[in-house]
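Student: Would you mind keeping the following structure in view while I ask a few things?
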Amino acid sequence: MRGLLLCMLLNTFCSAKAQNTDSITIRRITNEIMRNGTAYENLRYLCKKIGPRLSGSPQAQKAVEATMDMLKKAGADTVYLQPCMVPHWVRGEKEQGYIQWGTPEKRNLNLCALGNTYGTGPKGIRSTLVEVKSFTQLDSLGKRGLTGKIVFFNFPMNPEYIETSRAYGESGGGRRKGPAEAARYGAIGVMVRSLASNPDDYPHTGVTTYNDSFPKIPAVAISTNDADWLSSQIAQKKPLTAYLRTTSTLLPDVLSYNVIGEIRGTEAPEQILTVGGHLDSWDLAEGAHDDGTGVVQSIEVIRVLKALGIRPKRTIRAVLFMNEENGGRGADAYLKQAKAASEQHLFALESDAGGFSPRGFSLEMPPAQRSIQRWASLFYPYGVYQLEPGGSGADIGPLRAIGTALAGLRPDSQRYFDVHHASTDTFETVSRRELHLGAAMMAAMMWLVSEYGL
Ligand SMILES: [Zn+2]
């Protein structure tokens, strides 16, 4: 009995001691990044010197080259490219659109074509506008109500959800599959309310997916202010006509790359821990929060370990994925290579929810692997309190197929959808401190997993 008690006491003592050394290491990591971090300057380069980085564009290629250099400068043991073929969508000329209500009077709309859509043709399209507030309503209108019409999907983000990505997911159906569903009933075009949580005049783009069984009809996003105005006009039973003109198109796939830099593990190098974000961004913005921040934070994880001479036991690999926004081909290529080489992927962490103050990590893994939660108190001094089950990230998602434990950095989400996929997603909206604190928490998590496994 006494022996058992002694043993228990010793265990408690040892784990307390380990936690104490761990907290010192995490403090060193954080201090180094808060003082000397290079993520912010790397982000400035991506946003201001390169700019929008849509897959297949010359800027996306420049971003590949620039981040290779950044990873080399960060001190990665090896830096290499992983090829993948990506869609090459182009927006074309500035989109036009307006509303008329039976008089020569018209009101222009703030709009932009949705990603991966085809244009209206040079003359544009004109028709009666029909507002729908749910897919059930769309179905009940059916062919009789929708043939030849332009459908306006007005699905506002639910302001009651405190985690804004939940509202984005729920209201996002209008954008993701609205055009395909409207085409099923003979509609000739679609307008969607921007997936934005703030009332403003900026259209927010994003990808939509057509259904090959129905016509690929043109589709645009309109600003939240325009959507509210339009809905109020329709509520007054005004017969409204909409005009749209877009010239976007999909060109043949082009060759692009994931950019990878790694530090080889000292004890179990075959066990791979991935940390990543996505290199591509929409063409309208600098792609600062989405997802320049995830890219530069992942590079920072490599830099800080090298700068402090911390040698991880397992291999830590920063992966800057290509084509998250309109295809996910980089993510697919990463899984394919992992399978082909029979790589052992223990853990992956993604930062693709903005560069705001870190609040936690979402854990996408079976309960047995959530031993990560035992480290929760190590993060408390930095305002990081949530280590809860939840979705991780689109780029690492495919690794589910090979049983990898996944996690997502969860920054404060209140302002992310103010700028998400809009021209307002600029470098100026990112705080150096918030960005660097996020990088520090990612580095801490990667180091803990490299040290102890799962
Ligand atoms: Zn993103």
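Residues in the structure tokens are named by chain (A, B, ... in the order shown) and by number from 1 within that chain; ligands are numbered from 1 in the order shown.
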Run DSSP on the backbone and grab whatever in stretch 331-387 of chain A lands in alpha helix (DSSP H); send it over as a list in words.

Tutor: Ala331, Asp332, Ala333, Tyr334, Leu335, Lys336, Gln337, Ala338, Lys339, Ala340, Ala376, Ser377, Leu378 and Phe379 of chain A

Student: Please identify the residues whose atoms come within 6 Å of ligand 1, using only C-alpha atoms and all ligand atoms, and report them as number ranges by chain.

Tutor: A: 290-291, 352

Student: Provide the atom CA of A:Asp395 to atom CA of A:Thr266 distance in Å, to one decimal place.

Tutor: 26.6 Å

Student: Based on DSSP run over this structure's backbone, return all residues of stretch 33-218 of chain A in strand (DSSP E or B), as a ChimeraX atom specification.

Tutor: /A:78-90,96-100,106-108,111-113,115,125-132,150-153,189-193,207

Student: Using only C-alpha atoms for the distances, tell me which of A:Ser223, A:Thr147, A:Thr67, A:Asn36 is nearest to A:Leu109.

Tutor: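 Of the candidates, the smallest distance to A:Leu109 is held by A:Ser223.
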
Student: Using only C-alpha atoms, pick whichever of A:Asp283, A:Cys47, A:Val419, A:Leu81 has the shortest atom-to-atom distance to A:Gln337.

Tutor: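 Nearest to A:Gln337: A:Leu81.
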
Student: Which distance in Å separates atom CA of A:Glu160 and atom CA of A:Ala196, to one decimal?

Tutor: 14.0 Å

Student: Which is closest to A:Ala219 among A:Thr117, A:Asn258, A:Gln414, A:Thr128, if we use only C-alpha atoms?

Tutor: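 Once distances to A:Ala219 are computed over only C-alpha atoms, the minimum belongs to A:Thr117.
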
Student: Might you pull out every residue within 12 Å of A:Glu181, with only C-alpha atoms counted and same-chain residues fewer than 3 positions away left off, and present them as a count of residues only?

Tutor: 37

Student: Env of A:Arg53: 10 Å cut, atoms = only C-alpha atoms, seq-sep filter 4 positions within chain, self excluded. Answer as a list in words.

Tutor: Leu46, Cys47, Ser57, Pro58, Gln59, Ala60, Gln61, Lys62, Ala63, Val64, Leu279, Asp280, Ser281, Trp282, Asp283, Leu284, Ala285, Glu286, Gly287, Gly292, Met322 and Asn323 of chain A

Student: For A:His436, please output as JSON, numbers by chain all residues within 8 Å (counting only C-alpha atoms; exclusion window: fewer than 2 positions along the same chain).

Tutor: {"A": [33, 34, 37, 39, 40, 297, 432, 433, 434, 438, 439, 440]}

Student: As a PyMOL selection string, please: the residues near A:Met85 (cut-off 9 Å, only C-alpha atoms, same-chain neighbours under 4 positions excluded).

Tutor: chain A and resi 56+253-257+329-330+333

Student: Separation of atom CA of A:Val275 and atom CA of A:Ala318, in Å?

Tutor: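 It comes out at 4.9 Å.
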
Student: Which residue, A:Lys237, A:Arg27, A:Arg91, A:Arg44, has the smallest gap to A:Glu428 when you use only C-alpha atoms?

Tutor: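 Result for the nearest residue to A:Glu428: A:Arg44.
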
Student: Can you tell me, as an MDAnalysis selection string, what residues are no more than 12 Å from A:Tyr380 when counting only C-alpha atoms, ignoring any on the same chain fewer than 3 positions away?

Tutor: chainID A and resid 23 26:27 358:360 375:377 383:387 441

Student: Next, write the just-selected residues to a file, as a short mmCIF file (atom, residue, chain, number, x, y, z; two decimals), in the first residue's frame, keeping N, CA, C and O atoms as the atom set.

Tutor:
data_model
loop_
_atom_site.label_atom_id
_atom_site.label_comp_id
_atom_site.auth_asym_id
_atom_site.auth_seq_id
_atom_site.Cartn_x
_atom_site.Cartn_y
_atom_site.Cartn_z
N SER A 23 6.30 24.11 -19.88
CA SER A 23 5.82 25.50 -19.87
C SER A 23 6.98 26.46 -20.11
O SER A 23 6.80 27.50 -20.74
N ILE A 26 7.62 26.39 -23.89
CA ILE A 26 6.57 27.12 -24.61
C ILE A 26 6.74 28.63 -24.40
O ILE A 26 6.54 29.42 -25.32
N ARG A 27 7.19 29.01 -23.22
CA ARG A 27 7.47 30.43 -22.97
C ARG A 27 8.62 30.92 -23.86
O ARG A 27 8.56 31.99 -24.44
N PRO A 358 -5.42 33.86 -31.10
CA PRO A 358 -5.74 32.45 -30.95
C PRO A 358 -6.59 32.23 -29.69
O PRO A 358 -6.34 32.83 -28.65
N ARG A 359 -7.61 31.38 -29.83
CA ARG A 359 -8.48 31.06 -28.69
C ARG A 359 -8.42 29.58 -28.34
O ARG A 359 -8.82 29.19 -27.25
N GLY A 360 -7.99 28.77 -29.30
CA GLY A 360 -7.95 27.34 -29.01
C GLY A 360 -7.60 26.51 -30.22
O GLY A 360 -7.14 27.03 -31.24
N TRP A 375 -2.74 18.75 -22.19
CA TRP A 375 -1.84 19.91 -22.24
C TRP A 375 -2.57 21.24 -22.09
O TRP A 375 -1.96 22.30 -22.19
N ALA A 376 -3.88 21.18 -21.90
CA ALA A 376 -4.69 22.40 -21.93
C ALA A 376 -4.11 23.52 -21.07
O ALA A 376 -4.00 24.66 -21.52
N SER A 377 -3.70 23.17 -19.84
CA SER A 377 -3.28 24.24 -18.93
C SER A 377 -1.99 24.93 -19.39
O SER A 377 -1.71 26.05 -18.99
N GLY A 383 -4.12 32.91 -23.16
CA GLY A 383 -5.51 33.17 -23.52
C GLY A 383 -6.11 32.13 -24.43
O GLY A 383 -7.09 32.38 -25.13
N VAL A 384 -5.49 30.94 -24.45
CA VAL A 384 -5.97 29.86 -25.31
C VAL A 384 -6.63 28.80 -24.42
O VAL A 384 -5.95 28.11 -23.68
N TYR A 385 -7.95 28.74 -24.49
CA TYR A 385 -8.70 27.93 -23.53
C TYR A 385 -9.45 26.76 -24.11
O TYR A 385 -9.95 25.92 -23.39
N GLN A 386 -9.63 26.76 -25.44
CA GLN A 386 -10.49 25.73 -26.02
C GLN A 386 -9.68 24.62 -26.66
O GLN A 386 -8.93 24.87 -27.61
N LEU A 387 -9.84 23.43 -26.15
CA LEU A 387 -9.27 22.24 -26.81
C LEU A 387 -10.43 21.27 -26.93
O LEU A 387 -10.57 20.34 -26.13
N MET A 441 1.42 29.63 -30.63
CA MET A 441 0.59 28.52 -30.11
C MET A 441 0.68 27.31 -31.04
O MET A 441 0.69 26.16 -30.58
#

Student: Given the choices A:Gly115, A:Pro367, A:Ala331, A:His420, which gets closest to A:Pro179 if the distance is worked out from only C-alpha atoms?

Tutor: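 Of A:Gly115, A:Pro367, A:Ala331, A:His420, the one nearest A:Pro179, counting only C-alpha atoms, is A:Gly115.
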
Student: Find, counting only C-alpha atoms, the residue in A:Arg107, A:Arg245, A:Arg303, A:Lys72 that gets nearest to A:Gln233.

Tutor: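 Among A:Arg107, A:Arg245, A:Arg303, A:Lys72, it is A:Arg107 that comes nearest to A:Gln233.
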